[in-house]
>>> print(open('final_20.cif').read())   # mmCIF, C-alpha atoms
data_query
loop_
_atom_site.label_atom_id
_atom_site.label_comp_id
_atom_site.auth_asym_id
_atom_site.auth_seq_id
_atom_site.Cartn_x
_atom_site.Cartn_y
_atom_site.Cartn_z
CA MET L 1 -20.26 -29.79 -0.19
CA PRO L 2 -21.67 -31.76 2.74
CA GLU L 3 -19.11 -33.96 4.36
CA THR L 4 -21.50 -36.92 4.10
CA GLU L 5 -21.09 -36.95 0.30
CA PRO L 6 -18.12 -39.16 -0.70
CA LEU L 7 -16.18 -37.66 -3.58
CA ALA L 8 -14.19 -39.36 -6.32
CA VAL L 9 -11.98 -37.34 -8.68
CA LEU L 10 -11.55 -38.52 -12.28
CA LEU L 11 -8.80 -36.81 -14.25
CA THR L 12 -8.10 -36.74 -17.98
CA ALA L 13 -5.58 -35.03 -20.25
CA LEU L 14 -7.38 -34.74 -23.60
CA PRO L 15 -10.84 -33.58 -24.68
CA VAL L 16 -11.62 -37.01 -26.16
CA GLU L 17 -10.90 -38.60 -22.77
CA TYR L 18 -12.92 -36.00 -20.88
CA ASP L 19 -15.92 -36.40 -23.19
CA ALA L 20 -15.90 -40.19 -22.80
CA VAL L 21 -16.14 -39.97 -19.00
CA ARG L 22 -18.55 -37.04 -19.03
CA ALA L 23 -21.05 -39.00 -21.14
CA LEU L 24 -21.40 -41.55 -18.31
CA LEU L 25 -22.14 -39.07 -15.52
CA GLU L 26 -25.35 -37.29 -14.53
CA SER L 27 -26.44 -33.90 -13.16
CA LEU L 28 -23.22 -32.07 -13.95
CA ASP L 29 -22.43 -28.62 -12.60
CA GLU L 30 -19.26 -26.61 -13.13
CA VAL L 31 -16.93 -26.03 -10.18
CA VAL L 32 -14.21 -23.36 -10.29
CA LEU L 33 -11.36 -23.50 -7.78
CA ASP L 34 -9.69 -20.39 -6.36
CA ASP L 35 -6.85 -20.57 -8.90
CA GLY L 36 -9.24 -20.86 -11.86
CA THR L 37 -8.98 -24.64 -12.31
CA ARG L 38 -12.32 -25.86 -13.63
CA LEU L 39 -14.05 -29.17 -13.04
CA GLU L 40 -17.53 -30.55 -13.56
CA GLN L 41 -19.18 -32.31 -10.66
CA GLY L 42 -22.00 -34.81 -11.00
CA ARG L 43 -23.33 -38.16 -9.93
CA LEU L 44 -22.56 -41.75 -10.87
CA SER L 45 -25.99 -43.33 -11.03
CA GLY L 46 -26.72 -46.25 -8.76
CA THR L 47 -23.88 -45.36 -6.36
CA GLY L 48 -23.21 -43.06 -3.44
CA TRP L 49 -20.44 -41.28 -5.33
CA THR L 50 -20.24 -37.66 -6.27
CA VAL L 51 -17.70 -37.42 -9.11
CA ALA L 52 -15.52 -34.40 -9.96
CA LEU L 53 -14.14 -34.54 -13.51
CA ALA L 54 -11.28 -32.43 -14.88
CA GLU L 55 -9.36 -32.08 -18.16
CA LEU L 56 -5.81 -31.10 -17.22
CA GLY L 57 -3.89 -31.07 -20.50
CA GLU L 58 -0.78 -33.07 -21.36
CA GLY L 59 2.37 -33.88 -19.42
CA ALA L 60 3.38 -35.34 -16.05
CA LEU L 61 4.60 -32.06 -14.51
CA ASN L 62 1.39 -30.22 -15.35
CA THR L 63 -0.63 -33.18 -14.10
CA ALA L 64 1.24 -33.37 -10.79
CA ALA L 65 0.75 -29.66 -10.07
CA LEU L 66 -2.95 -29.56 -10.93
CA THR L 67 -3.71 -32.88 -9.23
CA THR L 68 -2.12 -31.58 -6.04
CA ARG L 69 -4.26 -28.44 -6.25
CA ILE L 70 -7.47 -30.41 -6.87
CA VAL L 71 -6.82 -32.92 -4.10
CA SER L 72 -6.03 -30.13 -1.64
CA ALA L 73 -9.18 -28.22 -2.52
CA LEU L 74 -11.66 -31.10 -2.71
CA SER L 75 -10.25 -33.79 -0.38
CA PRO L 76 -11.51 -36.73 -2.46
CA GLU L 77 -11.73 -40.29 -1.21
CA CYS L 78 -10.18 -41.72 -4.37
CA LEU L 79 -8.64 -40.59 -7.65
CA LEU L 80 -8.55 -42.20 -11.10
CA PHE L 81 -6.65 -40.98 -14.15
CA VAL L 82 -8.48 -42.09 -17.29
CA GLY L 83 -7.28 -41.85 -20.87
CA VAL L 84 -5.55 -43.37 -23.88
CA ALA L 85 -2.10 -44.87 -24.32
CA GLY L 86 0.21 -46.63 -26.74
CA GLY L 87 0.43 -50.40 -26.46
CA LEU L 88 3.79 -52.08 -25.86
CA LYS L 89 2.94 -55.79 -26.11
CA ASP L 90 2.13 -57.96 -29.09
CA ASP L 91 -1.07 -59.38 -27.58
CA LEU L 92 -2.71 -55.94 -27.32
CA ARG L 93 -5.43 -54.76 -29.69
CA LEU L 94 -6.79 -51.28 -30.28
CA GLY L 95 -9.52 -50.64 -27.71
CA ASP L 96 -8.01 -52.92 -25.05
CA VAL L 97 -7.74 -51.39 -21.58
CA VAL L 98 -4.76 -51.52 -19.23
CA VAL L 99 -5.45 -51.08 -15.52
CA GLY L 100 -2.20 -49.89 -13.98
CA THR L 101 -1.01 -52.20 -11.23
CA LYS L 102 2.15 -50.06 -11.27
CA VAL L 103 3.19 -46.81 -12.96
CA TYR L 104 6.84 -46.36 -13.97
CA ALA L 105 8.57 -43.03 -14.60
CA VAL L 106 10.89 -44.12 -17.41
CA HIS L 107 13.19 -41.12 -17.91
CA GLY L 108 15.15 -41.16 -14.66
CA GLY L 109 18.78 -42.24 -14.90
CA LYS L 110 22.44 -41.40 -15.23
CA GLN L 111 24.14 -41.12 -18.63
CA THR L 112 27.62 -42.69 -18.58
CA PRO L 113 30.18 -43.69 -21.23
CA GLN L 114 28.82 -47.19 -20.83
CA GLY L 115 25.27 -46.06 -21.53
CA LEU L 116 22.24 -44.97 -19.54
CA LEU L 117 22.01 -46.37 -16.04
CA ALA L 118 18.33 -46.39 -15.16
CA ARG L 119 17.12 -45.02 -11.84
CA PRO L 120 13.53 -46.25 -11.78
CA GLU L 121 10.68 -44.69 -9.88
CA VAL L 122 7.44 -46.57 -9.43
CA TRP L 123 4.03 -46.04 -7.85
CA HIS L 124 1.71 -48.97 -7.16
CA GLY L 125 -1.97 -48.72 -7.92
CA SER L 126 -4.12 -48.64 -4.80
CA HIS L 127 -4.73 -52.15 -3.50
CA ARG L 128 -8.40 -51.32 -2.92
CA LEU L 129 -8.87 -50.04 -6.47
CA VAL L 130 -6.89 -52.84 -8.12
CA GLN L 131 -9.01 -55.36 -6.23
CA ALA L 132 -12.17 -53.51 -7.28
CA ALA L 133 -10.93 -53.67 -10.87
CA ARG L 134 -10.35 -57.41 -10.69
CA SER L 135 -13.89 -57.91 -9.47
CA ALA L 136 -15.51 -55.43 -11.87
CA LEU L 137 -13.80 -56.83 -14.96
CA ARG L 138 -15.15 -60.33 -14.36
CA ASP L 139 -18.65 -59.07 -15.12
CA LEU L 140 -17.88 -56.35 -17.69
CA ASP L 141 -18.87 -57.39 -21.20
CA GLY L 142 -17.29 -56.00 -24.35
CA VAL L 143 -13.92 -55.09 -22.84
CA ARG L 144 -10.54 -56.80 -23.13
CA ALA L 145 -8.69 -55.62 -20.05
CA HIS L 146 -5.20 -56.26 -18.67
CA ARG L 147 -4.10 -55.59 -15.10
CA LYS L 148 -0.49 -54.70 -15.84
CA PRO L 149 2.17 -52.00 -15.26
CA ILE L 150 2.16 -48.79 -17.30
CA ALA L 151 5.21 -46.77 -18.41
CA CYS L 152 5.06 -42.98 -18.24
CA GLY L 153 7.34 -40.47 -19.97
CA ASP L 154 7.14 -36.98 -21.42
CA VAL L 155 7.14 -38.17 -24.99
CA VAL L 156 4.68 -39.48 -27.57
CA LEU L 157 6.16 -42.80 -28.74
CA ALA L 158 5.47 -43.51 -32.41
CA ASP L 159 8.49 -45.64 -33.34
CA ASP L 160 8.73 -49.26 -32.23
CA ARG L 161 12.41 -49.37 -33.30
CA SER L 162 13.54 -46.32 -31.35
CA ALA L 163 16.15 -46.21 -28.59
CA LEU L 164 13.38 -45.28 -26.11
CA ARG L 165 11.29 -48.28 -27.05
CA ASP L 166 14.36 -50.50 -26.63
CA HIS L 167 15.13 -48.88 -23.26
CA ILE L 168 11.59 -49.57 -22.02
CA ARG L 169 11.73 -53.13 -23.35
CA ARG L 170 14.97 -53.82 -21.45
CA THR L 171 14.37 -51.85 -18.26
CA TYR L 172 10.58 -51.93 -17.80
CA ASN L 173 9.89 -55.20 -19.52
CA ASP L 174 6.54 -55.85 -17.86
CA ALA L 175 5.03 -52.51 -18.95
CA TYR L 176 2.03 -52.98 -21.22
CA ALA L 177 1.34 -49.36 -22.20
CA ILE L 178 3.07 -46.00 -22.43
CA GLU L 179 1.51 -42.61 -21.70
CA MET L 180 2.43 -39.16 -20.37
CA GLU L 181 0.49 -38.25 -17.22
CA GLY L 182 0.13 -41.26 -14.93
CA SER L 183 3.31 -40.67 -12.94
CA GLY L 184 2.29 -37.08 -12.16
CA ALA L 185 -1.14 -38.09 -10.87
CA SER L 186 0.27 -41.05 -8.95
CA HIS L 187 2.97 -38.96 -7.28
CA ALA L 188 0.49 -36.27 -6.26
CA ALA L 189 -1.79 -38.92 -4.77
CA HIS L 190 1.15 -40.42 -2.89
CA LEU L 191 2.16 -37.06 -1.43
CA SER L 192 -1.40 -36.41 -0.29
CA GLY L 193 -1.00 -39.11 2.35
CA GLY L 194 -2.47 -42.40 1.19
CA LEU L 195 -5.17 -41.35 -1.26
CA ASP L 196 -6.45 -44.38 -3.22
CA ALA L 197 -5.36 -43.84 -6.85
CA LEU L 198 -5.40 -45.80 -10.10
CA VAL L 199 -4.45 -45.19 -13.74
CA VAL L 200 -6.75 -46.65 -16.41
CA ARG L 201 -5.69 -46.45 -20.07
CA GLY L 202 -7.31 -47.54 -23.31
CA ILE L 203 -4.99 -48.61 -26.13
CA SER L 204 -5.37 -46.19 -29.05
CA ASP L 205 -2.21 -47.16 -30.96
CA LEU L 206 0.68 -49.61 -30.76
CA ALA L 207 3.40 -47.00 -30.15
CA ASP L 208 4.66 -47.42 -33.71
CA ALA L 209 4.64 -45.63 -37.05
CA GLY L 210 0.96 -46.49 -37.50
CA LYS L 211 -0.13 -44.14 -34.71
CA SER L 212 -1.28 -41.29 -36.97
CA THR L 213 -3.31 -43.65 -39.13
CA ALA L 214 -4.94 -45.27 -36.10
CA ASP L 215 -5.80 -41.88 -34.62
CA ALA L 216 -7.34 -40.72 -37.89
CA GLU L 217 -9.53 -43.83 -37.99
CA GLY L 218 -11.07 -43.11 -34.57
CA SER L 219 -8.89 -45.23 -32.32
CA GLN L 220 -8.67 -42.56 -29.63
CA GLU L 221 -12.46 -42.32 -29.35
CA LEU L 222 -12.69 -46.12 -29.10
CA ALA L 223 -9.91 -46.37 -26.52
CA ALA L 224 -11.17 -43.45 -24.42
CA GLY L 225 -14.68 -44.89 -24.36
CA GLN L 226 -13.46 -48.29 -23.21
CA ALA L 227 -11.21 -46.77 -20.54
CA ALA L 228 -14.10 -44.65 -19.23
CA LYS L 229 -16.33 -47.72 -19.09
CA VAL L 230 -13.73 -49.62 -17.05
CA ALA L 231 -12.96 -46.70 -14.72
CA LEU L 232 -16.59 -46.21 -13.77
CA ALA L 233 -17.10 -49.97 -13.37
CA VAL L 234 -14.21 -49.89 -10.90
CA LEU L 235 -15.81 -46.99 -9.06
CA ARG L 236 -19.12 -48.87 -8.85
CA LYS L 237 -17.33 -51.77 -7.16
CA HIS L 238 -15.28 -49.51 -4.88
CA ALA L 239 -17.94 -48.46 -2.41
CA PRO L 240 -17.36 -45.28 -0.39
CA ARG L 241 -15.92 -45.87 3.06
CA PRO L 242 -18.26 -45.38 6.01
CA ARG L 243 -17.29 -42.20 7.82
CA ASN L 244 -16.84 -44.09 11.11
CA ALA L 245 -14.90 -46.99 9.54
CA PRO L 246 -11.57 -47.97 11.16
CA GLY L 247 -8.84 -45.92 9.53
CA ALA L 248 -11.25 -43.47 7.95
CA GLN L 249 -9.96 -39.92 8.04
CA ALA L 250 -12.02 -36.94 9.06
CA ASP L 251 -13.23 -34.99 6.05
CA PRO L 252 -11.50 -31.58 6.10
CA ARG L 253 -13.98 -30.03 3.68
CA PRO L 254 -16.15 -27.41 5.35
CA ALA L 255 -19.87 -27.95 5.61
CA PRO L 256 -22.09 -25.55 3.65
CA GLY L 257 -21.86 -22.07 5.13
CA ALA L 258 -18.79 -22.83 7.22
CA GLY L 259 -16.57 -19.82 7.74
CA THR L 260 -19.37 -17.42 8.65
CA GLY L 261 -21.63 -17.25 11.66
CA THR L 262 -23.62 -14.97 13.93
CA GLY L 263 -23.46 -14.92 17.71
CA THR L 264 -21.57 -15.87 20.84
CA GLY L 265 -20.54 -19.47 21.43
CA THR L 266 -22.99 -21.53 23.46
CA GLY L 267 -23.07 -25.23 24.25
CA THR L 268 -25.93 -27.26 22.75
CA GLY L 269 -25.74 -30.20 25.12
CA GLY L 270 -23.22 -32.13 23.02
CA ASP L 271 -19.95 -31.29 21.32
CA THR L 272 -21.41 -28.63 19.03
CA ILE L 273 -20.87 -24.88 19.34
CA THR L 274 -23.22 -22.41 17.64
CA PHE L 275 -22.47 -18.76 16.96
CA GLN L 276 -24.85 -15.83 16.90
CA GLY L 277 -24.11 -12.16 16.40
CA GLY L 278 -20.55 -12.32 15.09
CA THR L 279 -18.28 -13.50 12.32
CA TYR L 280 -15.47 -16.06 12.56
CA TYR L 281 -12.85 -17.31 10.14
CA GLY L 282 -11.01 -20.59 10.57
CA PRO L 283 -11.04 -23.20 13.35
CA VAL L 284 -12.44 -22.63 16.82
CA VAL L 285 -10.87 -24.18 19.93
CA GLY L 286 -12.94 -24.34 23.09
CA LYS L 287 -14.34 -26.36 25.93
CA ILE L 288 -17.94 -27.25 26.66
CA THR L 289 -18.77 -26.84 30.37
CA GLY L 290 -21.85 -27.62 32.40
CA HIS L 291 -22.94 -23.98 32.95
CA ASN L 292 -25.02 -21.89 30.53
#
>>> encode(input="final_20.cif", output="structure tokens")
Amino acid sequence: MPETEPLAVLLTALPVEYDAVRALLESLDEVVLDDGTRLEQGRLSGTGWTVALAELGEGALNTAALTTRIVSALSPECLLFVGVAGGLKDDLRLGDVVVGTKVYAVHGGKQTPQGLLARPEVWHGSHRLVQAARSALRDLDGVRAHRKPIACGDVVLADDRSALRDHIRRTYNDAYAIEMEGSGASHAAHLSGGLDALVVRGISDLADAGKSTADAEGSQELAAGQAAKVALAVLRKHAPRPRNAPGAQADPRPAPGAGTGTGTGTGTGGDTITFQGGTYYGPVVGKITGHN
């Protein structure tokens, strides 16, 4: 991929989420990483973005591992996790969208005779992407969106009277939605060294006993479609960074054909070295001098 093409990665867990994002992209081609991880790569019309889309499956641990692999291989400029979630607040409706200003990992703690002592972990949504979301949502018709924290745990919550629901209510009281993968994606983005990342979730149920009924009536398709609409609206607002912008990092992705060459190194009058008649693998260190 040419280094002049800015890349955004959009991740999903479920087929219904993947299909909702995929329907909004153009000119898709399959990309297979060295370990067999598969993505589709296409264009977001009207923007400078190339978008790589992946369906990772469920769970934070799986998401963290695969996100790390994808980020390492593709070196994206930003990352969004897009999908469905259970709603935790009374003012939410099915099909609403929660843009994650924060993502909480809700299962950390210490169990004592006095009860569970929470040990919270939290990742903030990228300031750039949260600001892009605020701007995009002002002009986005047909979507009820909330810029609020999201809770993440390795459990499907379908009981609004459960001990877990009570724990979240007491310990993560500002969380608007609960899902399973956001903490994994957020942590992988954090470890990558400052990658802009955001979790966007459509409300497909209210994290209660009515979940199965809502799912059967098409709530996941509705929620996934709305979340995809919001995520791509955010990406349209979040313009790629100029390559020479202050703070911009050099793109480590190789240019097409990098890794092979033919020849001996010769100066070209600038800071470029060409090779003819040989093969090289990896970086080249050298010095351009004034002689031929």
>>> resolve_selection(input="final_20.cif", expression="the PyMOL selection byres ((chain L and resi 41) around 8)", output="list in words")
Ser27, Leu28, Asp29, Glu30, Val31, Leu39, Glu40, Gly42, Arg43, Thr50, Val51, Ala52 and Leu53 of chain L
>>> resolve_selection(input="final_20.cif", expression="the PyMOL selection byres ((chain L and resi 199) around 7)", output="list in words")
Leu80, Phe81, Val82, Val99, Gly100, Gly182, Leu198, Val200 and Arg201 of chain L
>>> atom_distance(input="final_20.cif", atom1="CA of Leu117 in chain L", atom2="CA of His190 in chain L")
25.4 Å
>>> resolve_selection(input="final_20.cif", expression="the PyMOL selection byres ((chain L and resi 148) around 9)", output="VMD selection string")
chain L and resid 98 to 102 146 to 147 149 to 150 174 to 177
>>> residues_around(input="final_20.cif", residues="His187 in chain L", least_positions_apart="2", cutoff="10 Å", atoms="all atoms listed in the file", output="list in words")
Ala60, Thr63, Ala64, Ala65, Thr67, Thr68, Val103, Glu121, Val122, Trp123, Gly182, Ser183, Gly184, Ala185, Ala189, His190, Leu191, Ser192 and Ala197 of chain L
>>> closest_residue(input="final_20.cif", among="L:Asn62, L:Ser162, L:Glu181, L:Ser135", to="Ala105 in chain L", atoms="only C-alpha atoms")
L:Glu181
>>> closest_atom_pairs(input="final_20.cif", of="range 55-158 of chain L", to="range 220-241 of chain L", cutoff="8 Å", atoms="only C-alpha atoms", output="Markdown table")
| residue | atom | partner | partner_atom | distance |
| --- | --- | --- | --- | --- |
| L:Glu77 | CA | L:Pro240 | CA | 7.6 |
| L:Leu80 | CA | L:Ala231 | CA | 7.3 |
| L:Val82 | CA | L:Ala227 | CA | 6.3 |
| L:Gly83 | CA | L:Ala224 | CA | 5.5 |
| L:Val84 | CA | L:Ala224 | CA | 5.6 |
| L:Leu94 | CA | L:Ala223 | CA | 6.9 |
| L:Gly95 | CA | L:Ala223 | CA | 4.4 |
| L:Asp96 | CA | L:Ala223 | CA | 7.0 |
| L:Val97 | CA | L:Ala227 | CA | 5.9 |
| L:Arg128 | CA | L:His238 | CA | 7.4 |
| L:Leu129 | CA | L:His238 | CA | 6.6 |
| L:Ala132 | CA | L:Lys237 | CA | 5.4 |
| L:Ala133 | CA | L:Val234 | CA | 5.0 |
| L:Ser135 | CA | L:Lys237 | CA | 7.4 |
| L:Ala136 | CA | L:Val234 | CA | 5.8 |
| L:Leu137 | CA | L:Val230 | CA | 7.5 |
| L:Leu140 | CA | L:Ala233 | CA | 7.7 |
| L:Val143 | CA | L:Gln226 | CA | 6.8 |
>>> decode(input="final_20.cif", residues="range 27-138 of chain L", atoms="C-alpha atoms", output="mmCIF file, in the first residue's frame")
data_model
loop_
_atom_site.group_PDB
_atom_site.id
_atom_site.type_symbol
_atom_site.label_atom_id
_atom_site.label_comp_id
_atom_site.auth_asym_id
_atom_site.auth_seq_id
_atom_site.Cartn_x
_atom_site.Cartn_y
_atom_site.Cartn_z
ATOM 1 C CA SER L 27 -14.329 -1.163 -4.072
ATOM 2 C CA LEU L 28 -13.630 -3.889 -1.539
ATOM 3 C CA ASP L 29 -10.772 -6.348 -1.897
ATOM 4 C CA GLU L 30 -9.780 -9.091 0.525
ATOM 5 C CA VAL L 31 -6.508 -8.758 2.438
ATOM 6 C CA VAL L 32 -4.930 -11.748 4.208
ATOM 7 C CA LEU L 33 -2.273 -11.144 6.861
ATOM 8 C CA ASP L 34 0.651 -13.510 7.428
ATOM 9 C CA ASP L 35 -1.138 -15.278 10.295
ATOM 10 C CA GLY L 36 -4.300 -15.840 8.233
ATOM 11 C CA THR L 37 -6.322 -12.934 9.663
ATOM 12 C CA ARG L 38 -8.623 -11.693 6.918
ATOM 13 C CA LEU L 39 -9.888 -8.193 6.255
ATOM 14 C CA GLU L 40 -11.584 -6.403 3.395
ATOM 15 C CA GLN L 41 -10.113 -3.135 2.240
ATOM 16 C CA GLY L 42 -12.029 -0.484 0.334
ATOM 17 C CA ARG L 43 -12.813 3.189 0.048
ATOM 18 C CA LEU L 44 -15.079 5.581 1.928
ATOM 19 C CA SER L 45 -16.540 7.688 -0.852
ATOM 20 C CA GLY L 46 -15.968 11.414 -0.749
ATOM 21 C CA THR L 47 -12.956 11.099 1.578
ATOM 22 C CA GLY L 48 -9.249 10.378 1.389
ATOM 23 C CA TRP L 49 -9.623 7.283 3.563
ATOM 24 C CA THR L 50 -8.812 3.730 2.684
ATOM 25 C CA VAL L 51 -10.743 1.543 5.147
ATOM 26 C CA ALA L 52 -9.756 -1.943 6.327
ATOM 27 C CA LEU L 53 -12.683 -3.866 7.829
ATOM 28 C CA ALA L 54 -12.439 -7.007 9.964
ATOM 29 C CA GLU L 55 -14.816 -9.346 11.821
ATOM 30 C CA LEU L 56 -12.915 -10.618 14.862
ATOM 31 C CA GLY L 57 -15.435 -12.678 16.817
ATOM 32 C CA GLU L 58 -16.512 -12.180 20.419
ATOM 33 C CA GLY L 59 -14.591 -11.368 23.585
ATOM 34 C CA ALA L 60 -12.098 -8.787 24.846
ATOM 35 C CA LEU L 61 -9.074 -11.123 24.940
ATOM 36 C CA ASN L 62 -9.580 -12.272 21.361
ATOM 37 C CA THR L 63 -10.151 -8.677 20.287
ATOM 38 C CA ALA L 64 -6.991 -7.405 21.989
ATOM 39 C CA ALA L 65 -4.811 -10.072 20.360
ATOM 40 C CA LEU L 66 -6.191 -9.633 16.842
ATOM 41 C CA THR L 67 -6.301 -5.841 17.059
ATOM 42 C CA THR L 68 -2.633 -5.815 18.046
ATOM 43 C CA ARG L 69 -1.827 -8.025 15.058
ATOM 44 C CA ILE L 70 -3.820 -5.855 12.631
ATOM 45 C CA VAL L 71 -2.374 -2.583 13.900
ATOM 46 C CA SER L 72 1.163 -3.969 13.699
ATOM 47 C CA ALA L 73 0.662 -5.209 10.149
ATOM 48 C CA LEU L 74 -1.236 -2.246 8.682
ATOM 49 C CA SER L 75 -0.116 0.781 10.746
ATOM 50 C CA PRO L 76 -3.477 2.582 10.538
ATOM 51 C CA GLU L 77 -3.984 6.235 11.366
ATOM 52 C CA CYS L 78 -7.117 5.541 13.413
ATOM 53 C CA LEU L 79 -9.218 2.647 14.666
ATOM 54 C CA LEU L 80 -12.941 2.343 15.392
ATOM 55 C CA PHE L 81 -14.739 -0.614 16.961
ATOM 56 C CA VAL L 82 -18.319 -0.714 15.692
ATOM 57 C CA GLY L 83 -21.138 -2.920 16.908
ATOM 58 C CA VAL L 84 -24.143 -3.511 19.144
ATOM 59 C CA ALA L 85 -24.568 -3.313 22.907
ATOM 60 C CA GLY L 86 -27.051 -3.557 25.739
ATOM 61 C CA GLY L 87 -28.437 -0.304 27.093
ATOM 62 C CA LEU L 88 -28.039 0.556 30.781
ATOM 63 C CA LYS L 89 -30.050 3.776 31.115
ATOM 64 C CA ASP L 90 -33.780 4.392 31.137
ATOM 65 C CA ASP L 91 -33.656 7.108 28.465
ATOM 66 C CA LEU L 92 -32.209 4.747 25.838
ATOM 67 C CA ARG L 93 -34.261 3.297 22.993
ATOM 68 C CA LEU L 94 -33.486 0.432 20.655
ATOM 69 C CA GLY L 95 -31.441 1.799 17.758
ATOM 70 C CA ASP L 96 -29.835 4.603 19.780
ATOM 71 C CA VAL L 97 -26.063 4.897 19.419
ATOM 72 C CA VAL L 98 -23.514 5.382 22.199
ATOM 73 C CA VAL L 99 -20.188 6.948 21.243
ATOM 74 C CA GLY L 100 -17.724 5.862 23.911
ATOM 75 C CA THR L 101 -16.109 8.824 25.626
ATOM 76 C CA LYS L 102 -14.632 6.211 27.983
ATOM 77 C CA VAL L 103 -14.485 2.409 28.052
ATOM 78 C CA TYR L 104 -14.510 0.629 31.422
ATOM 79 C CA ALA L 105 -13.276 -2.911 32.082
ATOM 80 C CA VAL L 106 -15.816 -3.907 34.735
ATOM 81 C CA HIS L 107 -14.508 -7.254 36.023
ATOM 82 C CA GLY L 108 -11.314 -6.163 37.764
ATOM 83 C CA GLY L 109 -11.341 -6.271 41.563
ATOM 84 C CA LYS L 110 -10.599 -8.062 44.799
ATOM 85 C CA GLN L 111 -13.152 -10.331 46.467
ATOM 86 C CA THR L 112 -13.174 -9.856 50.257
ATOM 87 C CA PRO L 113 -15.473 -10.917 53.111
ATOM 88 C CA GLN L 114 -16.916 -7.438 52.875
ATOM 89 C CA GLY L 115 -17.682 -7.834 49.181
ATOM 90 C CA LEU L 116 -15.999 -7.049 45.875
ATOM 91 C CA LEU L 117 -13.584 -4.140 45.941
ATOM 92 C CA ALA L 118 -13.488 -2.785 42.410
ATOM 93 C CA ARG L 119 -10.184 -2.060 40.700
ATOM 94 C CA PRO L 120 -11.325 -0.097 37.665
ATOM 95 C CA GLU L 121 -9.481 0.206 34.389
ATOM 96 C CA VAL L 122 -10.508 2.821 31.865
ATOM 97 C CA TRP L 123 -9.502 3.979 28.399
ATOM 98 C CA HIS L 124 -10.616 7.355 27.060
ATOM 99 C CA GLY L 125 -11.844 7.705 23.515
ATOM 100 C CA SER L 126 -9.456 9.658 21.307
ATOM 101 C CA HIS L 127 -9.976 13.392 21.751
ATOM 102 C CA ARG L 128 -9.767 13.887 17.983
ATOM 103 C CA LEU L 129 -12.398 11.240 17.290
ATOM 104 C CA VAL L 130 -14.732 12.313 20.102
ATOM 105 C CA GLN L 131 -14.564 15.870 18.780
ATOM 106 C CA ALA L 132 -15.240 14.599 15.255
ATOM 107 C CA ALA L 133 -18.245 12.713 16.628
ATOM 108 C CA ARG L 134 -19.634 15.809 18.320
ATOM 109 C CA SER L 135 -19.422 17.695 15.050
ATOM 110 C CA ALA L 136 -20.728 14.868 12.854
ATOM 111 C CA LEU L 137 -23.752 14.151 15.043
ATOM 112 C CA ARG L 138 -25.019 17.729 14.801
#
